[in-house]
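Working notes, structure below.
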Amino acid sequence: MSTFLGSYLLDAYRQSARMFRFNNPNSYNWANNLLAGLAILFYVSSCMVMSQVNLNEDYLKLMGIYPTTGNSRNLAALGGIVSVYYGGSLIGALLGGSIADRSGRITAIILGVIISIIGATFQASAMNITWMCCARVVTGLGVGAIDAVIPVWSSEVSSHQARGSFLAIEFFLNIGGLSLAYWIEIFASMNHNQVMAWRTPLALQVVFLLAILVLVPFFPESPRWLAKVGRVSEARTVLQATRKDGVEDELGAIVRSVMHDQQHADNNSYLRMLFPRTKSQRELRWRVVLSVWLQIMQELVGIGVITVYAIDLIQGAGFSQGDAKLLAGFNNLSYMCGRRSTMLLLLIGGILDKYAQAGGPNQRAYGAGVVAMTFLYTGTFGATWLNAATYVRAKGGAWSVVGWSIGNGIVTMITPFLFQAIEYGVLLLLFGLNIFVIPLHHFHVYDPETSGRPLEQID
């Protein structure tokens, strides 16, 4: 017993000793969420990094997929290289959620970062298509774990009063990562050395990852996970560092929640989330279905096409590749704009794209209309983007990433075919998909309100 107590006290000391120290909880919450934002900045830029790499002739020739125009085999390979990443992220999310519950959120994040560094390094040094595909899968494994665990860790460490504003900050950095990936590649493409033009953006992923790897060990572990494994005094230390008041009340709620979870431990299983046996497990499956399907719908309504293949879309509207790159870069900044109807924008954009691709003296004018509709679509989509999952913590978050991976994997795989097969019809197809998902948003009203409420109250 004395040995166990000594080991417990030593672990508690290590937790408090390794944490950064700030003068007030607000500063700590800012630091926690800026780290989360840095991780989000990385994974978004990692998702988008292939958008202009795919246009580099040296890269296409090295992968054995040049030219892509009019070549079905090369088009399939081009989409395949992009989409295998999401196969890795799907598996990585499930593994990351399991590791986060078993060994802690910080451990899962560190493992995800290390795997991502290995994958990014191999991407930047790829010499053939097999090498690149394997590197993309490895990177996806790491990114999936990071994407599944970081939002859970951030929400569990942050004060509930500030969680909404910090979510907005993380969203801002999400869009920052998207824009950063585009602009890095725009400047890299100006390099006359075409080899470095595509390898540099891939290699720069490692810079973000090394920063996260250095910083994350000095941040607190989730108080909910600490309480779950019996390290209640450490959970109290974390709450005291990140809360202004109400520490004992929140700690008591966390302990009661943990005890309830232990009584229903079978629920926190991927198998039972899919194939329930009890009423509570059936309710949990409904949450899983909502989380996965909402993420899939998010991609099917067109945002994946607009962000990853915006350059191809704008080029098809009559602009040069250089102009298309610049316009696509500015388009990502329009994520910050307000909320309107996205469907109508896609319909108008598709009609204008039909005339833009027909050529003629008015091609530039129609092309400008397509670009305007693309900008407006991206801006309106940005206002409706955020979503969250609760109850089973890390494994629940993993399911959200699974849906995101499925949606992105489908879109990135088939889009190169669609642009060559139906041209302007791509935007009209996306308009139809928006119509299709409208009735399904009826189920979104059953998501609970989370503003200003501790996580233990959400259920």
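To be explicit about the labels: the chains of the structure tokens are called A, B, and onward in the order shown, and within each one the residues are counted from 1, while ligands get numbers from 1 in the order they are shown.
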
> How would you write, as number ranges by chain, the set of residues in region 151-238 of chain A that DSSP gives as helix (DSSP H, G or I)?
Replying inline: A: 151-157, 163-189, 194-218, 223-228, 232-238

>> Nearest residue to Ser189 (chain A) out of A:Pro201, A:Asp101, A:Gln315, A:Val292, using only C-alpha atoms?
In response: A:Pro201

Can you list every residue of region 294-334 of chain A that has an atom at most 12 Å from region 44-63 of chain A, with its nearest atom pair and the distance in Å to one decimal, using only C-alpha atoms, ordered by chain then number, as JSON lines?
```
{"residue": "A:Gly304", "atom": "CA", "partner": "A:Met48", "partner_atom": "CA", "distance": 9.6}
{"residue": "A:Val305", "atom": "CA", "partner": "A:Ser51", "partner_atom": "CA", "distance": 10.4}
{"residue": "A:Ile306", "atom": "CA", "partner": "A:Ser51", "partner_atom": "CA", "distance": 10.6}
{"residue": "A:Thr307", "atom": "CA", "partner": "A:Met48", "partner_atom": "CA", "distance": 7.6}
{"residue": "A:Val308", "atom": "CA", "partner": "A:Ser51", "partner_atom": "CA", "distance": 5.2}
{"residue": "A:Tyr309", "atom": "CA", "partner": "A:Ser51", "partner_atom": "CA", "distance": 6.3}
{"residue": "A:Ala310", "atom": "CA", "partner": "A:Ser51", "partner_atom": "CA", "distance": 8.3}
{"residue": "A:Ile311", "atom": "CA", "partner": "A:Ser51", "partner_atom": "CA", "distance": 7.9}
{"residue": "A:Asp312", "atom": "CA", "partner": "A:Leu55", "partner_atom": "CA", "distance": 9.2}
{"residue": "A:Leu313", "atom": "CA", "partner": "A:Ser51", "partner_atom": "CA", "distance": 11.8}
{"residue": "A:Gln315", "atom": "CA", "partner": "A:Leu55", "partner_atom": "CA", "distance": 11.6}
{"residue": "A:Gln321", "atom": "CA", "partner": "A:Leu55", "partner_atom": "CA", "distance": 9.1}
{"residue": "A:Gly322", "atom": "CA", "partner": "A:Gln52", "partner_atom": "CA", "distance": 11.0}
{"residue": "A:Ala324", "atom": "CA", "partner": "A:Gln52", "partner_atom": "CA", "distance": 10.7}
{"residue": "A:Lys325", "atom": "CA", "partner": "A:Gln52", "partner_atom": "CA", "distance": 8.1}
{"residue": "A:Leu326", "atom": "CA", "partner": "A:Gln52", "partner_atom": "CA", "distance": 11.4}
{"residue": "A:Ala328", "atom": "CA", "partner": "A:Ser51", "partner_atom": "CA", "distance": 10.1}
{"residue": "A:Gly329", "atom": "CA", "partner": "A:Gln52", "partner_atom": "CA", "distance": 10.8}
{"residue": "A:Asn332", "atom": "CA", "partner": "A:Met48", "partner_atom": "CA", "distance": 10.9}
```

The selected residues should be written to file as a CSV table (one decimal), in the first residue's frame (atoms: N, CA and C atoms).
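Just written: again.csv:
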```
chain,number,residue,atom,x,y,z
A,304,GLY,N,-15.4,20.2,-50.2
A,304,GLY,CA,-14.1,19.5,-50.5
A,304,GLY,C,-13.7,19.8,-52.0
A,305,VAL,N,-14.7,19.8,-52.9
A,305,VAL,CA,-14.4,20.1,-54.3
A,305,VAL,C,-13.8,21.5,-54.4
A,306,ILE,N,-14.5,22.5,-53.7
A,306,ILE,CA,-14.1,23.9,-53.9
A,306,ILE,C,-12.8,24.1,-53.3
A,307,THR,N,-12.4,23.5,-52.2
A,307,THR,CA,-11.1,23.8,-51.6
A,307,THR,C,-10.0,23.0,-52.2
A,308,VAL,N,-10.1,21.7,-52.4
A,308,VAL,CA,-9.0,20.9,-53.0
A,308,VAL,C,-8.8,21.2,-54.5
A,309,TYR,N,-9.9,21.3,-55.2
A,309,TYR,CA,-9.8,21.5,-56.7
A,309,TYR,C,-10.2,22.8,-57.2
A,310,ALA,N,-10.1,23.9,-56.3
A,310,ALA,CA,-10.5,25.2,-56.8
A,310,ALA,C,-9.7,25.7,-58.0
A,311,ILE,N,-8.5,25.3,-58.0
A,311,ILE,CA,-7.6,25.8,-59.2
A,311,ILE,C,-8.2,25.2,-60.5
A,312,ASP,N,-8.5,23.9,-60.5
A,312,ASP,CA,-9.0,23.2,-61.7
A,312,ASP,C,-10.3,23.9,-62.1
A,313,LEU,N,-11.2,24.2,-61.1
A,313,LEU,CA,-12.5,24.8,-61.3
A,313,LEU,C,-12.3,26.1,-62.0
A,315,GLN,N,-9.6,27.4,-63.5
A,315,GLN,CA,-9.0,27.2,-64.8
A,315,GLN,C,-10.0,26.9,-65.9
A,321,GLN,N,-3.4,29.3,-65.3
A,321,GLN,CA,-3.1,28.6,-64.1
A,321,GLN,C,-2.6,29.5,-63.0
A,322,GLY,N,-1.7,30.5,-63.4
A,322,GLY,CA,-1.2,31.5,-62.4
A,322,GLY,C,-2.4,32.3,-61.8
A,324,ALA,N,-5.5,31.4,-61.6
A,324,ALA,CA,-6.3,30.5,-60.9
A,324,ALA,C,-5.7,30.2,-59.5
A,325,LYS,N,-4.4,30.1,-59.4
A,325,LYS,CA,-3.8,29.9,-58.1
A,325,LYS,C,-4.0,31.0,-57.2
A,326,LEU,N,-3.8,32.3,-57.7
A,326,LEU,CA,-4.0,33.4,-56.9
A,326,LEU,C,-5.5,33.6,-56.4
A,328,ALA,N,-7.7,31.2,-56.1
A,328,ALA,CA,-8.0,30.1,-55.2
A,328,ALA,C,-7.5,30.4,-53.8
A,329,GLY,N,-6.3,31.1,-53.7
A,329,GLY,CA,-5.7,31.5,-52.5
A,329,GLY,C,-6.6,32.5,-51.8
A,332,ASN,N,-9.9,31.1,-50.2
A,332,ASN,CA,-9.9,30.4,-48.9
A,332,ASN,C,-10.1,31.5,-47.8
```

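Between CA of Gly80 (chain A) and CA of Ser320 (chain A) the separation is 25.6 Å.
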
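Distance check against Leu34 (chain A) using only C-alpha atoms: of A:Ser158, A:Ala77, A:Ile115, A:Thr130, the minimum falls on A:Ser158.
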
Within 9 Å of Met413 (chain A), counting only C-alpha atoms, which residues show up once you throw out same-chain ones fewer than 4 positions away? Write them as a compact mmCIF listing (two decimals) with N, CA, C and O atoms, in the first residue's frame, please.
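Everything below was put into out_16.txt:
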```txt
# COMPACT_ATOMS: atom_id res chain seq x y z
N ALA A 76 -7.27 8.45 -62.42
CA ALA A 76 -7.57 7.58 -61.28
C ALA A 76 -6.42 7.58 -60.28
O ALA A 76 -6.63 7.64 -59.06
N ALA A 77 -5.19 7.53 -60.82
CA ALA A 77 -4.03 7.54 -59.93
C ALA A 77 -3.90 8.87 -59.20
O ALA A 77 -3.57 8.91 -58.01
N LEU A 78 -4.18 9.97 -59.90
CA LEU A 78 -4.10 11.29 -59.28
C LEU A 78 -5.07 11.40 -58.11
O LEU A 78 -4.69 11.83 -57.01
N GLY A 79 -6.32 11.00 -58.34
CA GLY A 79 -7.30 11.03 -57.26
C GLY A 79 -6.98 10.03 -56.16
O GLY A 79 -7.20 10.30 -54.98
N GLY A 80 -6.42 8.89 -56.54
CA GLY A 80 -6.08 7.86 -55.57
C GLY A 80 -5.00 8.31 -54.60
O GLY A 80 -5.08 8.05 -53.39
N ILE A 81 -3.97 8.98 -55.13
CA ILE A 81 -2.89 9.46 -54.27
C ILE A 81 -3.43 10.42 -53.22
O ILE A 81 -3.01 10.39 -52.05
N VAL A 82 -4.36 11.28 -53.61
CA VAL A 82 -4.94 12.22 -52.65
C VAL A 82 -5.83 11.49 -51.65
O VAL A 82 -5.75 11.73 -50.44
N SER A 83 -6.66 10.58 -52.12
CA SER A 83 -7.70 10.00 -51.26
C SER A 83 -7.17 8.94 -50.29
O SER A 83 -7.81 8.73 -49.25
N VAL A 84 -6.04 8.27 -50.58
CA VAL A 84 -5.55 7.24 -49.65
C VAL A 84 -5.19 7.86 -48.30
O VAL A 84 -5.21 7.18 -47.27
N ASN A 408 -14.39 13.07 -47.39
CA ASN A 408 -13.27 13.60 -48.14
C ASN A 408 -12.67 12.58 -49.09
O ASN A 408 -12.26 12.91 -50.21
N GLY A 409 -12.58 11.32 -48.63
CA GLY A 409 -12.02 10.28 -49.48
C GLY A 409 -12.81 10.09 -50.76
O GLY A 409 -12.25 9.96 -51.85
N PHE A 417 -12.15 12.92 -62.19
CA PHE A 417 -12.98 12.34 -63.25
C PHE A 417 -14.13 13.27 -63.61
O PHE A 417 -14.42 13.49 -64.79
```

>> Can you tell me which residues surround Arg256 (chain A) at a distance of at most 12 Å, considering only C-alpha atoms, apart from same-chain residues fewer than 4 positions away, and format the answer as number ranges by chain?
In response: A: 224, 227-228, 232, 249-252, 260-263, 456-457

Preceding selection exported with N, CA and C atoms as a PDB file, in the first residue's frame:
```
ATOM      1  N   ARG A 224     -10.500  15.078 -16.827  1.00  0.00           N
ATOM      2  CA  ARG A 224     -11.461  13.980 -16.854  1.00  0.00           C
ATOM      3  C   ARG A 224     -10.760  12.632 -17.008  1.00  0.00           C
ATOM      4  N   ALA A 227      -9.036  11.839 -13.625  1.00  0.00           N
ATOM      5  CA  ALA A 227      -9.989  11.324 -12.643  1.00  0.00           C
ATOM      6  C   ALA A 227     -10.393   9.897 -12.983  1.00  0.00           C
ATOM      7  N   LYS A 228     -10.506   9.613 -14.255  1.00  0.00           N
ATOM      8  CA  LYS A 228     -10.910   8.277 -14.699  1.00  0.00           C
ATOM      9  C   LYS A 228      -9.919   7.210 -14.245  1.00  0.00           C
ATOM     10  N   VAL A 232      -7.024  11.758  -8.945  1.00  0.00           N
ATOM     11  CA  VAL A 232      -7.944  12.861  -8.673  1.00  0.00           C
ATOM     12  C   VAL A 232      -7.196  14.114  -8.234  1.00  0.00           C
ATOM     13  N   ASP A 249     -16.611  21.933  -7.080  1.00  0.00           N
ATOM     14  CA  ASP A 249     -17.902  21.533  -7.650  1.00  0.00           C
ATOM     15  C   ASP A 249     -17.700  20.806  -8.975  1.00  0.00           C
ATOM     16  N   GLU A 250     -16.839  21.354  -9.818  1.00  0.00           N
ATOM     17  CA  GLU A 250     -16.603  20.711 -11.110  1.00  0.00           C
ATOM     18  C   GLU A 250     -15.890  19.374 -10.941  1.00  0.00           C
ATOM     19  N   LEU A 251     -14.935  19.323 -10.007  1.00  0.00           N
ATOM     20  CA  LEU A 251     -14.239  18.060  -9.766  1.00  0.00           C
ATOM     21  C   LEU A 251     -15.209  16.996  -9.272  1.00  0.00           C
ATOM     22  N   GLY A 252     -16.134  17.396  -8.377  1.00  0.00           N
ATOM     23  CA  GLY A 252     -17.135  16.448  -7.905  1.00  0.00           C
ATOM     24  C   GLY A 252     -18.005  15.933  -9.035  1.00  0.00           C
ATOM     25  N   HIS A 260     -20.154   6.932 -13.084  1.00  0.00           N
ATOM     26  CA  HIS A 260     -21.262   6.496 -13.954  1.00  0.00           C
ATOM     27  C   HIS A 260     -20.711   5.791 -15.192  1.00  0.00           C
ATOM     28  N   ASP A 261     -19.655   6.353 -15.776  1.00  0.00           N
ATOM     29  CA  ASP A 261     -19.058   5.746 -16.974  1.00  0.00           C
ATOM     30  C   ASP A 261     -18.500   4.361 -16.672  1.00  0.00           C
ATOM     31  N   GLN A 262     -17.919   4.198 -15.489  1.00  0.00           N
ATOM     32  CA  GLN A 262     -17.360   2.891 -15.113  1.00  0.00           C
ATOM     33  C   GLN A 262     -18.451   1.845 -14.958  1.00  0.00           C
ATOM     34  N   GLN A 263     -19.620   2.287 -14.506  1.00  0.00           N
ATOM     35  CA  GLN A 263     -20.749   1.359 -14.393  1.00  0.00           C
ATOM     36  C   GLN A 263     -21.297   0.951 -15.756  1.00  0.00           C
ATOM     37  N   GLU A 456     -20.161  17.677 -18.372  1.00  0.00           N
ATOM     38  CA  GLU A 456     -20.934  16.692 -17.618  1.00  0.00           C
ATOM     39  C   GLU A 456     -22.439  16.952 -17.678  1.00  0.00           C
ATOM     40  N   GLN A 457     -22.841  18.179 -18.040  1.00  0.00           N
ATOM     41  CA  GLN A 457     -24.258  18.509 -18.123  1.00  0.00           C
ATOM     42  C   GLN A 457     -24.863  18.239 -19.494  1.00  0.00           C
TER      43      GLN A 457
END
```

> Nearest to Gly403 (chain A): which of A:Ile303, A:Met196, A:Ala365, A:Val288 is it, counting only C-alpha atoms?
Replying inline: A:Val288

Tell me which protein, DNA and RNA residues are within 8 Å of Gly87 (chain A), counting only C-alpha atoms, leaving out same-chain ones fewer than 2 positions away, and put them as a PDB file with C-alpha atoms, in the first residue's frame.
```pdb
ATOM      1  CA  SER A  83      -7.698  10.000 -51.262  1.00  0.00           C
ATOM      2  CA  VAL A  84      -5.549   7.243 -49.649  1.00  0.00           C
ATOM      3  CA  TYR A  85      -4.606   9.865 -47.066  1.00  0.00           C
ATOM      4  CA  SER A  89      -6.946   9.216 -41.213  1.00  0.00           C
ATOM      5  CA  LEU A  90     -10.001   6.975 -40.739  1.00  0.00           C
ATOM      6  CA  ILE A  91      -7.898   4.231 -39.137  1.00  0.00           C
ATOM      7  CA  VAL A 137      -1.350   6.698 -45.606  1.00  0.00           C
ATOM      8  CA  GLY A 140      -3.132  10.196 -42.560  1.00  0.00           C
ATOM      9  CA  SER A 405     -12.516  10.873 -43.778  1.00  0.00           C
ATOM     10  CA  ILE A 406     -15.213   8.996 -45.680  1.00  0.00           C
ATOM     11  CA  GLY A 409     -12.024  10.279 -49.477  1.00  0.00           C
TER      12      GLY A 409
END
```
